[in-house]
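Below you'll find the structure, written out as structure tokens, and then a few comments.
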Amino acid sequence: MKQPMPGAARRQPLPQHHPKPSSDDPQAPVRIAAITAGTTYREADRDPDFLARDDMRGLRLTLDYQKPQTLLREHDVAHTIVVFGSTRIAEPAAARREVAALRDALATRPDDEALRTRLAIAERILAKSAYYDMAREFGRLVGECGDKALGGRIMVMTGGGPGIMEAANRGTYDCGAKSIGLNIHLPHEQFPNPYVSPELCFSFHYFAMRKLHFLMRARALVAFPGGYGTMDELFEVLTLAQTRKIAPVPVILVGEAYWRRAFDVDFLVAEGTIDPEDRDLFWYAETAADIWRDILLWYQLKGEPLLPPGAAAASAVTP
């Protein structure tokens with residue numbers, strides 16, 4: 001009977017384990033160094049130049065999908081509550097500082113119309129900074145239920161940026177819970193907000209893969225006042241639900257007065273470009289407690305509760 005072979009080590013090295021010596025060819029070491037330093041000698045998965053080629057796009061798409069998918073599964077994330085809103089809506093203290101600075105500047109240049117316009121916008125942002133606090137409170141409500149959900153963990157998921165997204169991640173951070181941020185690589189450098197859980201903060205190359213992950217586990221979309229990015233995600237979800245490409249999920253627009261002006265759904269119905277039933281794909285809310293209560297109630301009425309009857313957040317919700 002032969003003894004088991006040793007592991008990785010060999011008693012006698014193979015010929016290729018040593019480079020050709022200079023004693024055989026004085027130029028051999030230089031040539032070998034040039035070969036091993038070349039880009040073609042890199043292993044494919046360690047060659048960023050090769051992976052960045054146009055014809056490797058399919059592979060990059062796969063990796064953009066697979067990395068978050070694998071890690072979210074490892075963290076037992078079964079449900080996400082996706083929160084969007086303007087990156088420009090700062091926390092109240094920061095918004096007040098901006099207004100104060102602009103007022104001081106305008107006092108020294110009272111005829112500066114551009115400065116006056118900036119101040120007017122800053123004052124409107126300050127008025128909307130209450131939504132920052134609301135998103136933060138909503139994040140806390142979801143975060144407190146993170147490990148209580150049926151079928152796996154429930155987490156807040158945002159785009160990982162500042163403003164409203166920061167507030168939602170911050171609320172979960174406040175109560176010691178985890179949350180997810182899906183950032184996106186853009187031409188100009190950007191940073192994730194500091195409240196996303198480090199092990200659950202992802203940077204995507206492709207918007208398409210980012211959008212896919214926003215919806216794969218989404219149990220609700222909560223849209224605070226926002227601009228192009230918020231509306232992009234909102235209308236994508238509404239279109240997918242309208243066409244039943246996905247089963248409808250709660251879509252909640254926070255701040256009815258804002259959204260009535262930004263998105264006149266009654267006009268679209270009256271013009272015949274959408275059906276009256278499409279108006280029922282979303283509703284409005286004004287407080288963090290109402291948002292969370294409505295989401296939980298929607299799933300209870302559907303017969304697919306997110307939380308067990310004994311969970312604190314669900315105990316107050318009765319059909």
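In the structure tokens, the first chain shown is A, the next is B, and so on; residue numbers restart at 1 for each chain, and ligands run from 1 in the order shown.
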Subject >> Secondary structure check, helix (DSSP H, G or I) residues of segment 20-257 of chain A, as a ChimeraX atom specification >> reply: /A:28-37,39-41,44-46,48-51,54-74,92-108,113-128,130-143,164-174,198-200,207-216,228-242,256-257
**OP:** Would you mind listing what lies within 12 Å of Ala114 of chain A as a PyMOL selection string, with only C-alpha atoms counted and same-chain residues fewer than 6 positions away left out?
**Re:** chain A and resi 102+105-106+120-121
So that I have them on file, write out the residues from the current selection with N, CA and C atoms, as a JSON list (two decimals), in the first residue's frame.
```json
[["chain", "number", "residue", "atom", "x", "y", "z"],
["A", 102, "LEU", "N", -26.41, 82.31, 3.42],
["A", 102, "LEU", "CA", -26.88, 83.03, 2.24],
["A", 102, "LEU", "C", -27.53, 84.36, 2.63],
["A", 105, "ALA", "N", -24.72, 86.73, 3.24],
["A", 105, "ALA", "CA", -24.11, 87.14, 1.98],
["A", 105, "ALA", "C", -24.99, 88.15, 1.25],
["A", 106, "LEU", "N", -26.30, 87.92, 1.28],
["A", 106, "LEU", "CA", -27.21, 88.82, 0.58],
["A", 106, "LEU", "C", -27.26, 90.19, 1.26],
["A", 120, "ALA", "N", -33.75, 81.78, -1.89],
["A", 120, "ALA", "CA", -35.14, 81.32, -1.95],
["A", 120, "ALA", "C", -35.20, 79.79, -2.04],
["A", 121, "ILE", "N", -34.31, 79.20, -2.83],
["A", 121, "ILE", "CA", -34.27, 77.74, -2.95],
["A", 121, "ILE", "C", -33.83, 77.12, -1.63]]
```
**OP:** as a VMD selection string, please: all residues of segment 22-179 of chain A that backbone DSSP puts in strand (DSSP E or B).
**Re:** chain A and resid 77 to 84 153 to 158
Original post:
Using only C-alpha atoms, which of A:Arg210, A:His185, A:Arg124, A:His75 sits nearest Glu98 of chain A?
Top reply: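 Looking only at the distances to Glu98 of chain A, the closest residue turns out to be A:Arg124.
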Subject >> Option closest in space to Tyr131 of chain A, from A:Arg88, A:Lys148, A:Arg97, A:Arg109 [counting only C-alpha atoms] >> reply: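 Using only C-alpha atoms, Tyr131 of chain A sits closest to A:Arg88.
Residues in contact with segment 200-203 of chain A at 10 Å, where only C-alpha atoms are counted and same-chain residues fewer than 3 positions away are skipped, are listed as A:Asp64, A:Lys67, A:Pro68, A:Leu71, A:Leu72, A:His75, A:Met157, A:Thr158, A:Gly159, A:Gly160, A:Lys178, A:Ser179, A:Ile180, A:Gly181, A:Leu182, A:Asn183, A:Ile184, A:His185, A:Phe191, A:Pro192, A:Asn193, A:Tyr195, A:Val196, A:Ser197, A:Tyr206, A:Arg210.
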**OP:** Rounded to one decimal place, report the atom CA of Pro194 of chain A-atom CA of Asn169 of chain A distance in Å.
**Re:** 8.6 Å
Original post:
Leaving out Trp298 of chain A and any residue of its chain fewer than 4 positions from it, which residues lie within 8 Å of it when counting only C-alpha atoms, given as a list in words?
Top reply: Pro250, Asp294 and Lys302 of chain A
**OP:** Go through A:Thr36, A:Asp49, A:Val251, A:Ala9 and flag the residue nearest Leu234 of chain A, using only C-alpha atoms for the distances.
**Re:**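 Smallest separation from Leu234 of chain A among the options: A:Val251.
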Original post:
Neighbours of Met155 of chain A within 8 Å (only C-alpha atoms; same-chain residues fewer than 3 positions away dropped), as a ChimeraX atom specification?
Top reply: /A:77,79-81,142-143,146,178-180
Let me see the file: selected residues, C-alpha atoms, as a tab-separated table (two decimals), in the first residue's frame.
```
chain	number	residue	atom	x	y	z
A	77	VAL	CA	-31.98	39.46	3.62
A	79	HIS	CA	-37.32	41.63	2.40
A	80	THR	CA	-36.32	45.20	1.68
A	81	ILE	CA	-38.16	48.49	2.09
A	142	VAL	CA	-38.13	49.35	10.02
A	143	GLY	CA	-34.78	48.73	11.68
A	146	GLY	CA	-35.21	43.76	11.13
A	178	LYS	CA	-28.30	47.06	9.62
A	179	SER	CA	-29.30	48.66	6.33
A	180	ILE	CA	-28.31	48.41	2.69
```
